[in-house]
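As provided, entry21.cif (mmCIF, C-alpha atoms (C1' of nucleotides)) reads as follows.
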data_final
#
loop_
_atom_site.label_atom_id
_atom_site.label_comp_id
_atom_site.auth_asym_id
_atom_site.auth_seq_id
_atom_site.Cartn_x
_atom_site.Cartn_y
_atom_site.Cartn_z
CA MET A 296 -24.80 35.94 -2.24
CA ASN A 297 -21.61 34.01 -1.80
CA LYS A 298 -21.11 31.14 -4.21
CA HIS A 299 -18.27 29.63 -2.29
CA LEU A 300 -18.66 26.16 -0.91
CA THR A 301 -17.31 24.34 2.10
CA ILE A 302 -15.67 21.00 1.67
CA GLY A 303 -18.70 19.33 3.23
CA THR A 304 -21.06 20.89 0.70
CA LEU A 305 -18.77 19.88 -2.15
CA SER A 306 -18.68 16.41 -0.64
CA ARG A 307 -22.47 16.13 -0.66
CA LEU A 308 -22.85 17.63 -4.14
CA THR A 309 -20.40 15.20 -5.71
CA ASN A 310 -20.98 12.20 -3.46
CA THR A 311 -17.31 12.20 -2.52
CA LYS A 312 -15.95 11.75 0.97
CA VAL A 313 -14.29 14.79 2.49
CA GLU A 314 -11.08 12.84 2.95
CA THR A 315 -11.09 11.92 -0.70
CA ILE A 316 -11.41 15.55 -1.74
CA ARG A 317 -8.42 16.42 0.41
CA PHE A 318 -6.62 13.44 -1.07
CA TYR A 319 -7.29 14.71 -4.60
CA GLU A 320 -5.90 18.05 -3.58
CA LYS A 321 -2.76 16.49 -2.18
CA SER A 322 -2.44 14.43 -5.37
CA GLY A 323 -2.59 17.55 -7.50
CA LEU A 324 -5.92 16.79 -9.18
CA LEU A 325 -7.63 19.68 -7.43
CA ARG A 326 -5.77 22.91 -6.90
CA GLU A 327 -5.52 24.33 -3.40
CA PRO A 328 -8.64 26.37 -2.77
CA ALA A 329 -8.89 29.72 -1.04
CA ARG A 330 -9.27 29.71 2.74
CA THR A 331 -11.66 31.45 5.05
CA GLU A 332 -10.43 33.41 8.05
CA GLY A 333 -10.90 30.29 10.13
CA ASN A 334 -8.70 28.35 7.68
CA TYR A 335 -11.58 26.41 6.13
CA ARG A 336 -11.30 25.49 2.45
CA SER A 337 -13.52 27.69 0.30
CA TYR A 338 -14.40 26.29 -3.12
CA ALA A 339 -15.51 28.13 -6.26
CA PRO A 340 -18.07 26.67 -8.69
CA SER A 341 -15.24 25.77 -11.07
CA ASP A 342 -13.91 23.43 -8.40
CA LEU A 343 -17.28 21.71 -8.35
CA ASN A 344 -17.00 21.28 -12.12
CA ARG A 345 -13.57 19.87 -11.85
CA LEU A 346 -14.41 17.46 -9.08
CA SER A 347 -17.51 16.27 -10.92
CA PHE A 348 -15.35 15.58 -13.94
CA ILE A 349 -12.92 13.58 -11.83
CA ARG A 350 -15.70 11.56 -10.25
CA ARG A 351 -17.32 10.66 -13.54
CA ALA A 352 -14.02 9.62 -14.96
CA ARG A 353 -13.40 7.50 -11.85
CA ASP A 354 -16.82 5.92 -12.28
CA LEU A 355 -15.73 4.94 -15.75
CA GLY A 356 -12.64 3.36 -14.23
CA PHE A 357 -9.99 5.81 -15.42
CA SER A 358 -6.93 5.97 -13.18
CA LEU A 359 -5.96 9.18 -11.46
CA ASP A 360 -2.99 9.46 -13.80
CA GLN A 361 -5.26 9.19 -16.82
CA ILE A 362 -7.59 11.73 -15.32
CA ARG A 363 -4.73 14.14 -14.76
CA VAL A 364 -3.98 13.95 -18.47
CA LEU A 365 -7.64 14.21 -19.46
CA LEU A 366 -8.01 17.33 -17.35
CA ASP A 367 -4.99 18.90 -19.00
CA LEU A 368 -6.35 18.03 -22.43
CA ALA A 369 -9.79 19.35 -21.60
CA ASP A 370 -8.30 22.70 -20.69
CA ASP A 371 -7.10 23.40 -24.22
CA ARG A 372 -10.35 23.28 -26.12
CA SER A 373 -8.89 24.08 -29.54
CA ARG A 374 -6.52 21.13 -29.69
CA SER A 375 -7.39 17.87 -31.44
CA CYS A 376 -9.05 15.31 -29.22
CA GLU A 377 -7.04 12.42 -30.61
CA ALA A 378 -5.14 12.03 -27.37
CA VAL A 379 -8.41 11.86 -25.45
CA ASP A 380 -9.64 9.17 -27.77
CA GLU A 381 -6.45 7.22 -27.34
CA ILE A 382 -6.65 7.23 -23.55
CA ALA A 383 -10.24 6.10 -23.66
CA LYS A 384 -9.49 3.32 -26.13
CA GLU A 385 -6.50 2.11 -24.15
CA HIS A 386 -8.68 2.04 -21.07
CA LEU A 387 -11.41 0.12 -22.88
CA ALA A 388 -8.82 -2.41 -24.04
CA GLU A 389 -7.70 -2.91 -20.47
CA VAL A 390 -11.26 -3.37 -19.28
CA GLU A 391 -11.70 -6.01 -21.96
CA ARG A 392 -8.51 -7.77 -20.91
CA LYS A 393 -9.79 -7.87 -17.35
CA ILE A 394 -13.12 -9.28 -18.44
CA ALA A 395 -11.37 -12.02 -20.38
CA ASP A 396 -9.18 -12.87 -17.40
CA LEU A 397 -12.10 -12.99 -15.03
CA LYS A 398 -14.13 -15.15 -17.38
CA ALA A 399 -11.33 -17.68 -17.56
CA LEU A 400 -11.23 -17.61 -13.78
CA GLN A 401 -14.98 -18.01 -13.58
CA GLY A 402 -14.81 -21.10 -15.77
CA GLU A 403 -12.06 -22.67 -13.74
CA LEU A 404 -13.70 -21.93 -10.41
CA GLY A 405 -17.01 -23.25 -11.70
CA ARG A 406 -15.39 -26.52 -12.76
CA VAL A 407 -13.63 -26.94 -9.45
CA ILE A 408 -16.75 -26.22 -7.42
CA SER A 409 -18.97 -28.49 -9.51
CA GLN A 410 -16.74 -31.44 -8.66
CA CYS A 411 -17.19 -31.01 -4.93
CA ARG A 412 -19.29 -33.82 -3.46
CA CYS A 413 -19.40 -32.12 -0.08
CA GLY A 414 -17.93 -34.99 1.89
CA THR A 415 -14.87 -34.64 4.08
CA VAL A 416 -11.89 -32.43 3.40
CA ALA A 417 -9.90 -35.57 2.57
CA GLU A 418 -12.17 -36.20 -0.44
CA CYS A 419 -12.67 -32.56 -1.30
CA ARG A 420 -11.97 -31.87 -4.94
CA ILE A 421 -11.43 -28.19 -4.27
CA ILE A 422 -8.65 -28.83 -1.80
CA GLU A 423 -7.31 -31.52 -4.09
CA THR A 424 -7.17 -29.14 -7.01
CA LEU A 425 -5.19 -26.70 -4.95
CA SER A 426 -2.84 -29.27 -3.47
CA PRO A 427 0.37 -30.27 -5.20
CA ASN A 428 0.46 -33.57 -7.05
CA PHE A 429 2.45 -35.56 -4.55
CA ALA A 430 -0.71 -36.00 -2.45
CA GLY A 431 -1.34 -35.26 1.18
CA ALA A 432 -2.40 -32.14 2.96
CA PRO A 433 -0.33 -29.08 2.21
CA GLY A 434 0.87 -28.28 5.71
CA MET B 425 21.01 -36.47 0.71
CA ASN B 426 19.60 -33.33 2.25
CA LYS B 427 16.06 -32.48 1.19
CA HIS B 428 16.18 -28.98 2.54
CA LEU B 429 15.77 -26.12 0.14
CA THR B 430 17.03 -22.58 0.04
CA ILE B 431 14.61 -19.76 -0.52
CA GLY B 432 15.96 -19.33 -4.05
CA THR B 433 15.25 -22.94 -4.92
CA LEU B 434 11.76 -22.68 -3.48
CA SER B 435 11.34 -19.50 -5.49
CA ARG B 436 12.25 -21.26 -8.76
CA LEU B 437 10.16 -24.35 -8.00
CA THR B 438 7.02 -22.35 -7.31
CA ASN B 439 7.62 -19.42 -9.63
CA THR B 440 7.38 -17.05 -6.69
CA LYS B 441 9.70 -14.14 -6.02
CA VAL B 442 11.94 -14.48 -3.01
CA GLU B 443 10.51 -11.30 -1.54
CA THR B 444 7.03 -12.72 -1.89
CA ILE B 445 7.99 -15.87 0.01
CA ARG B 446 9.36 -13.74 2.82
CA PHE B 447 6.21 -11.66 2.67
CA TYR B 448 4.05 -14.79 3.04
CA GLU B 449 6.13 -15.75 6.05
CA LYS B 450 5.64 -12.35 7.64
CA SER B 451 1.92 -12.58 6.87
CA GLY B 452 1.70 -15.91 8.68
CA LEU B 453 0.85 -18.00 5.62
CA LEU B 454 4.17 -19.81 5.78
CA ARG B 455 5.64 -20.73 9.14
CA GLU B 456 9.15 -19.60 9.96
CA PRO B 457 11.52 -22.20 8.56
CA ALA B 458 14.65 -23.61 10.20
CA ARG B 459 17.88 -21.70 9.65
CA THR B 460 21.33 -22.81 8.57
CA GLU B 461 24.42 -21.84 10.50
CA GLY B 462 24.77 -18.86 8.21
CA ASN B 463 21.20 -17.81 9.04
CA TYR B 464 19.78 -18.85 5.66
CA ARG B 465 16.20 -20.10 5.58
CA SER B 466 16.06 -23.85 5.15
CA TYR B 467 12.80 -25.25 3.83
CA ALA B 468 11.38 -28.75 4.17
CA PRO B 469 9.37 -30.42 1.40
CA SER B 470 6.16 -29.70 3.31
CA ASP B 471 6.90 -26.01 2.89
CA LEU B 472 7.07 -26.56 -0.85
CA ASN B 473 3.64 -28.20 -0.68
CA ARG B 474 2.23 -25.36 1.31
CA LEU B 475 3.64 -22.67 -0.92
CA SER B 476 2.41 -24.46 -4.03
CA PHE B 477 -1.05 -24.57 -2.50
CA ILE B 478 -0.93 -20.86 -1.78
CA ARG B 479 0.20 -20.04 -5.31
CA ARG B 480 -2.52 -22.08 -6.96
CA ALA B 481 -5.13 -20.48 -4.76
CA ARG B 482 -3.73 -17.06 -5.65
CA ASP B 483 -3.89 -17.96 -9.33
CA LEU B 484 -7.56 -18.68 -8.79
CA GLY B 485 -7.91 -15.23 -7.27
CA PHE B 486 -8.46 -16.18 -3.64
CA SER B 487 -7.39 -13.52 -1.16
CA LEU B 488 -4.66 -14.22 1.36
CA ASP B 489 -7.30 -14.20 4.09
CA GLN B 490 -9.33 -16.82 2.26
CA ILE B 491 -6.19 -18.87 1.70
CA ARG B 492 -5.37 -18.72 5.39
CA VAL B 493 -8.76 -20.25 6.12
CA LEU B 494 -8.44 -22.81 3.33
CA LEU B 495 -5.08 -23.91 4.69
CA ASP B 496 -6.55 -24.35 8.15
CA LEU B 497 -9.43 -26.35 6.74
CA ALA B 498 -7.16 -28.49 4.62
CA ASP B 499 -5.21 -29.47 7.72
CA ASP B 500 -8.15 -31.26 9.30
CA ARG B 501 -8.88 -33.87 6.68
CA SER B 502 -11.73 -35.56 8.52
CA ARG B 503 -13.94 -32.49 8.80
CA SER B 504 -16.72 -31.73 6.32
CA CYS B 505 -15.63 -29.66 3.37
CA GLU B 506 -18.73 -27.49 3.45
CA ALA B 507 -16.75 -24.48 4.60
CA VAL B 508 -14.32 -24.96 1.73
CA ASP B 509 -17.19 -25.07 -0.70
CA GLU B 510 -18.66 -21.93 0.78
CA ILE B 511 -15.46 -19.94 0.42
CA ALA B 512 -15.08 -21.05 -3.17
CA LYS B 513 -18.69 -20.19 -4.00
CA GLU B 514 -18.46 -16.81 -2.35
CA HIS B 515 -15.32 -16.14 -4.36
CA LEU B 516 -17.00 -17.23 -7.57
CA ALA B 517 -19.91 -14.92 -6.81
CA GLU B 518 -17.51 -12.03 -6.40
CA VAL B 519 -15.76 -12.84 -9.65
CA GLU B 520 -19.15 -12.81 -11.32
CA ARG B 521 -20.03 -9.48 -9.77
CA LYS B 522 -16.80 -8.05 -11.08
CA ILE B 523 -17.46 -9.39 -14.56
CA ALA B 524 -20.90 -7.79 -14.54
CA ASP B 525 -19.47 -4.47 -13.38
CA LEU B 526 -16.77 -4.51 -16.01
CA LYS B 527 -19.22 -5.41 -18.75
CA ALA B 528 -21.39 -2.45 -17.85
CA LEU B 529 -18.28 -0.31 -17.95
CA GLN B 530 -17.27 -1.77 -21.28
CA GLY B 531 -20.65 -0.88 -22.75
CA GLU B 532 -20.52 2.65 -21.46
CA LEU B 533 -16.97 3.24 -22.60
CA GLY B 534 -17.76 1.78 -26.00
CA ARG B 535 -20.72 4.11 -26.42
CA VAL B 536 -18.72 7.15 -25.38
CA ILE B 537 -15.83 6.31 -27.68
CA SER B 538 -18.05 5.56 -30.67
CA GLN B 539 -19.46 9.07 -30.49
CA CYS B 540 -16.08 10.73 -30.82
CA ARG B 541 -15.70 12.45 -34.18
CA CYS B 542 -12.04 13.19 -33.52
CA GLY B 543 -12.27 16.92 -34.01
CA THR B 544 -11.17 19.41 -31.37
CA VAL B 545 -11.45 18.99 -27.64
CA ALA B 546 -14.28 21.54 -27.68
CA GLU B 547 -16.41 19.17 -29.73
CA CYS B 548 -15.14 15.99 -28.10
CA ARG B 549 -17.97 13.78 -26.92
CA ILE B 550 -15.73 11.98 -24.48
CA ILE B 551 -14.80 15.16 -22.66
CA GLU B 552 -18.41 16.28 -22.91
CA THR B 553 -19.64 13.09 -21.30
CA LEU B 554 -17.27 13.62 -18.42
CA SER B 555 -18.01 17.30 -17.97
CA PRO B 556 -20.83 18.51 -15.74
CA ASN B 557 -24.02 19.68 -17.41
CA PHE B 558 -23.54 23.40 -16.99
CA ALA B 559 -21.13 23.33 -19.95
CA GLY B 560 -17.60 24.64 -20.24
CA ALA B 561 -14.25 23.08 -19.51
CA PRO B 562 -13.96 21.55 -16.07
CA GLY B 563 -11.08 23.66 -14.77
"C1'" DG C 942 -20.83 29.25 27.86
"C1'" DT C 943 -21.76 24.91 26.32
"C1'" DG C 944 -22.85 21.37 23.06
"C1'" DG C 945 -22.48 19.40 18.75
"C1'" DG C 946 -21.37 19.49 14.22
"C1'" DG C 947 -18.08 20.71 10.88
"C1'" DT C 948 -13.33 21.34 9.69
"C1'" DC C 949 -8.15 21.25 10.24
"C1'" DT C 950 -3.40 18.60 9.92
"C1'" DG C 951 -0.94 14.55 10.01
"C1'" DT C 952 -0.29 9.76 10.15
"C1'" DA C 953 -1.27 4.99 9.52
"C1'" DG C 954 -3.98 1.31 7.59
"C1'" DT C 955 -5.89 -1.42 3.51
"C1'" DC C 956 -4.12 -5.49 -0.29
"C1'" DG C 957 -0.53 -8.11 -2.35
"C1'" DC C 958 3.19 -7.59 -3.37
"C1'" DT C 959 7.78 -5.17 -5.26
"C1'" DA C 960 12.04 -2.70 -4.86
"C1'" DC C 961 15.40 -1.05 -2.86
"C1'" DA C 962 19.69 -0.12 0.70
"C1'" DG C 963 23.26 -1.87 3.08
"C1'" DG C 964 25.07 -5.57 4.74
"C1'" DG C 965 26.49 -10.97 5.48
"C1'" DT C 966 27.46 -15.88 3.43
"C1'" DC C 967 29.24 -19.15 0.41
"C1'" DA C 968 31.30 -21.66 -3.47
"C1'" DA C 969 34.35 -21.41 -7.31
"C1'" DC C 970 38.27 -19.98 -9.53
"C1'" DA C 971 43.03 -17.75 -10.21
"C1'" DT D 53 44.87 -16.96 -0.29
"C1'" DG D 54 42.24 -13.55 -2.19
"C1'" DT D 55 38.57 -12.13 -4.86
"C1'" DT D 56 34.75 -12.27 -7.52
"C1'" DG D 57 29.86 -12.83 -7.95
"C1'" DA D 58 25.71 -15.12 -6.86
"C1'" DC D 59 22.97 -15.73 -3.27
"C1'" DC D 60 20.95 -14.52 1.15
"C1'" DC D 61 19.76 -11.41 5.31
"C1'" DT D 62 16.87 -7.40 7.65
"C1'" DG D 63 14.30 -3.44 7.36
"C1'" DT D 64 11.90 0.08 5.11
"C1'" DA D 65 9.32 2.44 1.60
"C1'" DG D 66 6.56 2.45 -2.51
"C1'" DC D 67 2.45 1.29 -5.51
"C1'" DG D 68 -3.20 2.95 -6.18
"C1'" DA D 69 -7.00 5.00 -4.44
"C1'" DC D 70 -8.58 5.80 -0.94
"C1'" DT D 71 -10.20 5.28 4.33
"C1'" DA D 72 -9.85 5.95 9.21
"C1'" DC D 73 -8.43 7.64 12.83
"C1'" DA D 74 -6.30 11.21 16.72
"C1'" DG D 75 -6.23 15.41 18.55
"C1'" DA D 76 -7.04 19.91 17.76
"C1'" DC D 77 -9.65 24.14 16.10
"C1'" DC D 78 -13.93 26.79 14.38
"C1'" DC D 79 -18.58 28.13 14.33
"C1'" DC D 80 -23.38 28.52 15.30
"C1'" DA D 81 -27.48 27.85 18.10
"C1'" DC D 82 -29.46 27.64 22.32
#

I'd like the structure from this file rewritten - as structure tokens, please.
Amino acid sequence: MNKHLTIGTLSRLTNTKVETIRFYEKSGLLREPARTEGNYRSYAPSDLNRLSFIRRARDLGFSLDQIRVLLDLADDRSRSCEAVDEIAKEHLAEVERKIADLKALQGELGRVISQCRCGTVAECRIIETLSPNFAGAPG
Amino acid sequence: MNKHLTIGTLSRLTNTKVETIRFYEKSGLLREPARTEGNYRSYAPSDLNRLSFIRRARDLGFSLDQIRVLLDLADDRSRSCEAVDEIAKEHLAEVERKIADLKALQGELGRVISQCRCGTVAECRIIETLSPNFAGAPG
DNA sequence: GTGGGGTCTGTAGTCGCTACAGGGTCAACA
DNA sequence: TGTTGACCCTGTAGCGACTACAGACCCCAC
């Protein structure tokens, strides 16, 4: 029984496109796997672990750079996990910044849209909001 | 009195980098301006209007494609502004989708982080959450 | 031996800029 | 008049995280 996996199998198991797996390899997140005689990539179970880790971290919105660091940290199991905590907290802070930005945007867009009386473009409050003060169409 | 503006002046007036203005031109959002004898771009006030419009729309998060359409619509002032309204509403809906996604992420990240006892990586709940079920470090 | 699926490498596209390199232009000042 | 220095020009490459080809090769079943 051979435990080695083709890239397609890995792709299905981790719900990751084949191209993305190759991209992770090129980016240094996955090491270069062994090859079959026909030059096909041949993955070990540990590669499946590693790719699953990457995908979960991506689902949580970590950048590839952050994941690179997390993977390095995860390899040394005796070290303190402070650094891990810090990356996660920094990421959470950024997510919260984005939420705040988008909420402000949501409010502004909502206001603009609510003023639209759906007449002609000339009366349109959306276009008006976007146009500079000295009146007239932008073009 | 010459009302024509250099790209640098336009840049300052609209708080847009010079490279970005040239990029908008190449992308077809701004038409190619007249040139001076020395081959400098020479902008008319209407270009200032148009660029201001683009920048406000960008601030509201509209894509360049959406802005292209909005600019076209704004040019025909007698038409109904329904299409404008639709673009804005679609954009708002997307902003709201993104907020929902980020909030879900925020919750998940918060939960993961709150479980961290800040011991070693081996005990780290953050790494554990990311790692596949069959235990062990990912590499 | 033929068909169809999988895989290979390499390159280019996405979005909205940003950052150069390597030159030309122009106004002010010594 | 020469020279500085700010501004401008074109063209290209980079960012992040993929995605989508083209054109070839491999492998298995029928």

Evaluate the PyMOL selection byres ((chain B) within 8 of (chain C)) here and jot the selected residues down as a PyMOL selection string. chain B and resi 443-444+447+462

Interatomic distance (Å, one decimal) between atom CA of Ser306 of chain A and atom CA of Arg363 of chain A: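 Going from atom CA of Ser306 of chain A over to atom CA of Arg363 of chain A, I get 20.0 Å.
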
For chain A, report every residue with an atom at most 8 Å from chain B (counting only C-alpha atoms), formatted as JSON, numbers by chain. {"A": [341, 342, 344, 345, 347, 348, 349, 351, 352, 355, 356, 365, 366, 368, 369, 370, 371, 372, 373, 374, 375, 376, 377, 379, 380, 383, 384, 387, 390, 391, 393, 394, 397, 398, 400, 401, 403, 404, 405, 408, 411, 413, 414, 415, 416, 417, 419, 421, 422, 425, 426, 427, 432, 433, 434]}

Wanna dump the chain B-chain D contacts at 12 Å for me, each residue with its shortest atom pair and the distance in Å to one decimal, counting all atoms listed in the file, ordered by chain and number, as JSON lines?
{"residue": "B:Thr430", "atom": "CA", "partner": "D:DC60", "partner_atom": "C1'", "distance": 9.0}
{"residue": "B:Ile431", "atom": "CA", "partner": "D:DC60", "partner_atom": "C1'", "distance": 8.4}
{"residue": "B:Gly432", "atom": "CA", "partner": "D:DC59", "partner_atom": "C1'", "distance": 7.9}
{"residue": "B:Thr433", "atom": "CA", "partner": "D:DC59", "partner_atom": "C1'", "distance": 10.7}
{"residue": "B:Val442", "atom": "CA", "partner": "D:DC60", "partner_atom": "C1'", "distance": 9.9}
{"residue": "B:Glu443", "atom": "CA", "partner": "D:DC60", "partner_atom": "C1'", "distance": 11.3}
{"residue": "B:Arg446", "atom": "CA", "partner": "D:DC61", "partner_atom": "C1'", "distance": 10.9}
{"residue": "B:Arg459", "atom": "CA", "partner": "D:DC61", "partner_atom": "C1'", "distance": 11.3}
{"residue": "B:Thr460", "atom": "CA", "partner": "D:DC60", "partner_atom": "C1'", "distance": 11.1}
{"residue": "B:Gly462", "atom": "CA", "partner": "D:DC60", "partner_atom": "C1'", "distance": 9.1}
{"residue": "B:Asn463", "atom": "CA", "partner": "D:DC61", "partner_atom": "C1'", "distance": 7.5}
{"residue": "B:Tyr464", "atom": "CA", "partner": "D:DC60", "partner_atom": "C1'", "distance": 6.4}
{"residue": "B:Arg465", "atom": "CA", "partner": "D:DC60", "partner_atom": "C1'", "distance": 8.6}
{"residue": "B:Ser466", "atom": "CA", "partner": "D:DC60", "partner_atom": "C1'", "distance": 11.3}

All in-order C-alpha pairs, least squares, chain A moved onto chain B. Output the fitted coordinates as a tab-separated table (two decimals) with C-alpha atoms, in the coordinates of the input, please.
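And here's superposed_18.tsv as it stands now:
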chain	number	residue	atom	x	y	z
A	296	MET	CA	21.17	-36.22	0.51
A	297	ASN	CA	19.70	-33.11	2.03
A	298	LYS	CA	16.17	-32.31	0.96
A	299	HIS	CA	16.23	-28.83	2.35
A	300	LEU	CA	15.78	-25.93	-0.01
A	301	THR	CA	17.00	-22.37	-0.08
A	302	ILE	CA	14.55	-19.58	-0.59
A	303	GLY	CA	15.87	-19.08	-4.11
A	304	THR	CA	15.20	-22.70	-5.04
A	305	LEU	CA	11.71	-22.50	-3.57
A	306	SER	CA	11.24	-19.30	-5.53
A	307	ARG	CA	12.14	-20.99	-8.81
A	308	LEU	CA	10.10	-24.12	-8.09
A	309	THR	CA	6.94	-22.18	-7.35
A	310	ASN	CA	7.49	-19.21	-9.64
A	311	THR	CA	7.24	-16.87	-6.67
A	312	LYS	CA	9.53	-13.95	-5.99
A	313	VAL	CA	11.81	-14.30	-2.99
A	314	GLU	CA	10.34	-11.17	-1.47
A	315	THR	CA	6.88	-12.60	-1.80
A	316	ILE	CA	7.88	-15.76	0.04
A	317	ARG	CA	9.25	-13.66	2.88
A	318	PHE	CA	6.07	-11.62	2.77
A	319	TYR	CA	3.96	-14.77	3.12
A	320	GLU	CA	6.05	-15.74	6.09
A	321	LYS	CA	5.57	-12.37	7.73
A	322	SER	CA	1.83	-12.63	7.01
A	323	GLY	CA	1.64	-15.98	8.76
A	324	LEU	CA	0.81	-18.05	5.68
A	325	LEU	CA	4.15	-19.84	5.80
A	326	ARG	CA	5.64	-20.78	9.12
A	327	GLU	CA	9.16	-19.64	9.93
A	328	PRO	CA	11.55	-22.18	8.48
A	329	ALA	CA	14.69	-23.57	10.06
A	330	ARG	CA	17.91	-21.63	9.53
A	331	THR	CA	21.34	-22.67	8.42
A	332	GLU	CA	24.43	-21.69	10.37
A	333	GLY	CA	24.76	-18.68	8.11
A	334	ASN	CA	21.17	-17.67	8.97
A	335	TYR	CA	19.75	-18.67	5.58
A	336	ARG	CA	16.18	-19.98	5.50
A	337	SER	CA	16.09	-23.74	5.03
A	338	TYR	CA	12.83	-25.16	3.70
A	339	ALA	CA	11.44	-28.69	4.00
A	340	PRO	CA	9.43	-30.34	1.20
A	341	SER	CA	6.24	-29.68	3.15
A	342	ASP	CA	6.93	-25.97	2.79
A	343	LEU	CA	7.07	-26.46	-0.96
A	344	ASN	CA	3.66	-28.14	-0.77
A	345	ARG	CA	2.24	-25.36	1.25
A	346	LEU	CA	3.59	-22.62	-0.95
A	347	SER	CA	2.35	-24.39	-4.08
A	348	PHE	CA	-1.09	-24.55	-2.52
A	349	ILE	CA	-1.00	-20.84	-1.76
A	350	ARG	CA	0.09	-19.98	-5.27
A	351	ARG	CA	-2.61	-22.02	-6.93
A	352	ALA	CA	-5.22	-20.50	-4.72
A	353	ARG	CA	-3.86	-17.04	-5.57
A	354	ASP	CA	-4.03	-17.91	-9.26
A	355	LEU	CA	-7.68	-18.67	-8.72
A	356	GLY	CA	-8.06	-15.24	-7.15
A	357	PHE	CA	-8.58	-16.24	-3.52
A	358	SER	CA	-7.51	-13.58	-1.03
A	359	LEU	CA	-4.79	-14.28	1.48
A	360	ASP	CA	-7.41	-14.31	4.22
A	361	GLN	CA	-9.41	-16.94	2.36
A	362	ILE	CA	-6.28	-18.94	1.79
A	363	ARG	CA	-5.43	-18.82	5.47
A	364	VAL	CA	-8.80	-20.41	6.19
A	365	LEU	CA	-8.47	-22.94	3.37
A	366	LEU	CA	-5.10	-24.02	4.71
A	367	ASP	CA	-6.54	-24.50	8.17
A	368	LEU	CA	-9.42	-26.51	6.75
A	369	ALA	CA	-7.13	-28.62	4.61
A	370	ASP	CA	-5.15	-29.61	7.68
A	371	ASP	CA	-8.06	-31.46	9.26
A	372	ARG	CA	-8.78	-34.04	6.61
A	373	SER	CA	-11.63	-35.77	8.46
A	374	ARG	CA	-13.85	-32.73	8.76
A	375	SER	CA	-16.65	-31.96	6.30
A	376	CYS	CA	-15.61	-29.83	3.37
A	377	GLU	CA	-18.73	-27.70	3.47
A	378	ALA	CA	-16.77	-24.68	4.64
A	379	VAL	CA	-14.36	-25.11	1.75
A	380	ASP	CA	-17.25	-25.22	-0.66
A	381	GLU	CA	-18.73	-22.11	0.85
A	382	ILE	CA	-15.54	-20.09	0.48
A	383	ALA	CA	-15.18	-21.17	-3.11
A	384	LYS	CA	-18.79	-20.33	-3.92
A	385	GLU	CA	-18.58	-16.94	-2.24
A	386	HIS	CA	-15.46	-16.24	-4.25
A	387	LEU	CA	-17.14	-17.32	-7.48
A	388	ALA	CA	-20.05	-15.01	-6.71
A	389	GLU	CA	-17.66	-12.13	-6.26
A	390	VAL	CA	-15.91	-12.91	-9.52
A	391	GLU	CA	-19.29	-12.87	-11.22
A	392	ARG	CA	-20.17	-9.54	-9.64
A	393	LYS	CA	-16.92	-8.11	-10.95
A	394	ILE	CA	-17.59	-9.42	-14.43
A	395	ALA	CA	-21.02	-7.82	-14.42
A	396	ASP	CA	-19.58	-4.50	-13.26
A	397	LEU	CA	-16.87	-4.53	-15.87
A	398	LYS	CA	-19.30	-5.41	-18.63
A	399	ALA	CA	-21.47	-2.45	-17.73
A	400	LEU	CA	-18.34	-0.33	-17.82
A	401	GLN	CA	-17.32	-1.80	-21.15
A	402	GLY	CA	-20.69	-0.88	-22.63
A	403	GLU	CA	-20.55	2.66	-21.36
A	404	LEU	CA	-16.97	3.22	-22.48
A	405	GLY	CA	-17.76	1.75	-25.88
A	406	ARG	CA	-20.69	4.13	-26.32
A	407	VAL	CA	-18.65	7.13	-25.29
A	408	ILE	CA	-15.75	6.25	-27.57
A	409	SER	CA	-17.97	5.50	-30.57
A	410	GLN	CA	-19.33	9.04	-30.43
A	411	CYS	CA	-15.91	10.62	-30.77
A	412	ARG	CA	-15.49	12.28	-34.16
A	413	CYS	CA	-11.83	12.99	-33.48
A	414	GLY	CA	-12.02	16.73	-34.00
A	415	THR	CA	-10.89	19.23	-31.40
A	416	VAL	CA	-11.20	18.84	-27.66
A	417	ALA	CA	-13.98	21.45	-27.74
A	418	GLU	CA	-16.14	19.06	-29.80
A	419	CYS	CA	-14.93	15.91	-28.12
A	420	ARG	CA	-17.80	13.76	-26.95
A	421	ILE	CA	-15.59	11.95	-24.47
A	422	ILE	CA	-14.64	15.13	-22.67
A	423	GLU	CA	-18.22	16.30	-22.96
A	424	THR	CA	-19.51	13.14	-21.34
A	425	LEU	CA	-17.17	13.65	-18.45
A	426	SER	CA	-17.85	17.35	-18.04
A	427	PRO	CA	-20.67	18.62	-15.86
A	428	ASN	CA	-23.84	19.83	-17.54
A	429	PHE	CA	-23.30	23.54	-17.16
A	430	ALA	CA	-20.90	23.45	-20.13
A	431	GLY	CA	-17.36	24.68	-20.43
A	432	ALA	CA	-14.07	23.08	-19.65
A	433	PRO	CA	-13.77	21.64	-16.18
A	434	GLY	CA	-10.82	23.66	-14.93

For the atom pair atom CA of Gln361 of chain A and atom CA of Ile382 of chain A, what is the interatomic distance in Å to one decimal place?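 Straight-line distance from atom CA of Gln361 of chain A to atom CA of Ile382 of chain A works out to 7.1 Å.
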
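Atom pair atom CA of Ala339 of chain A / atom CA of Leu300 of chain A has a distance of 6.5 Å (rounded to one decimal).
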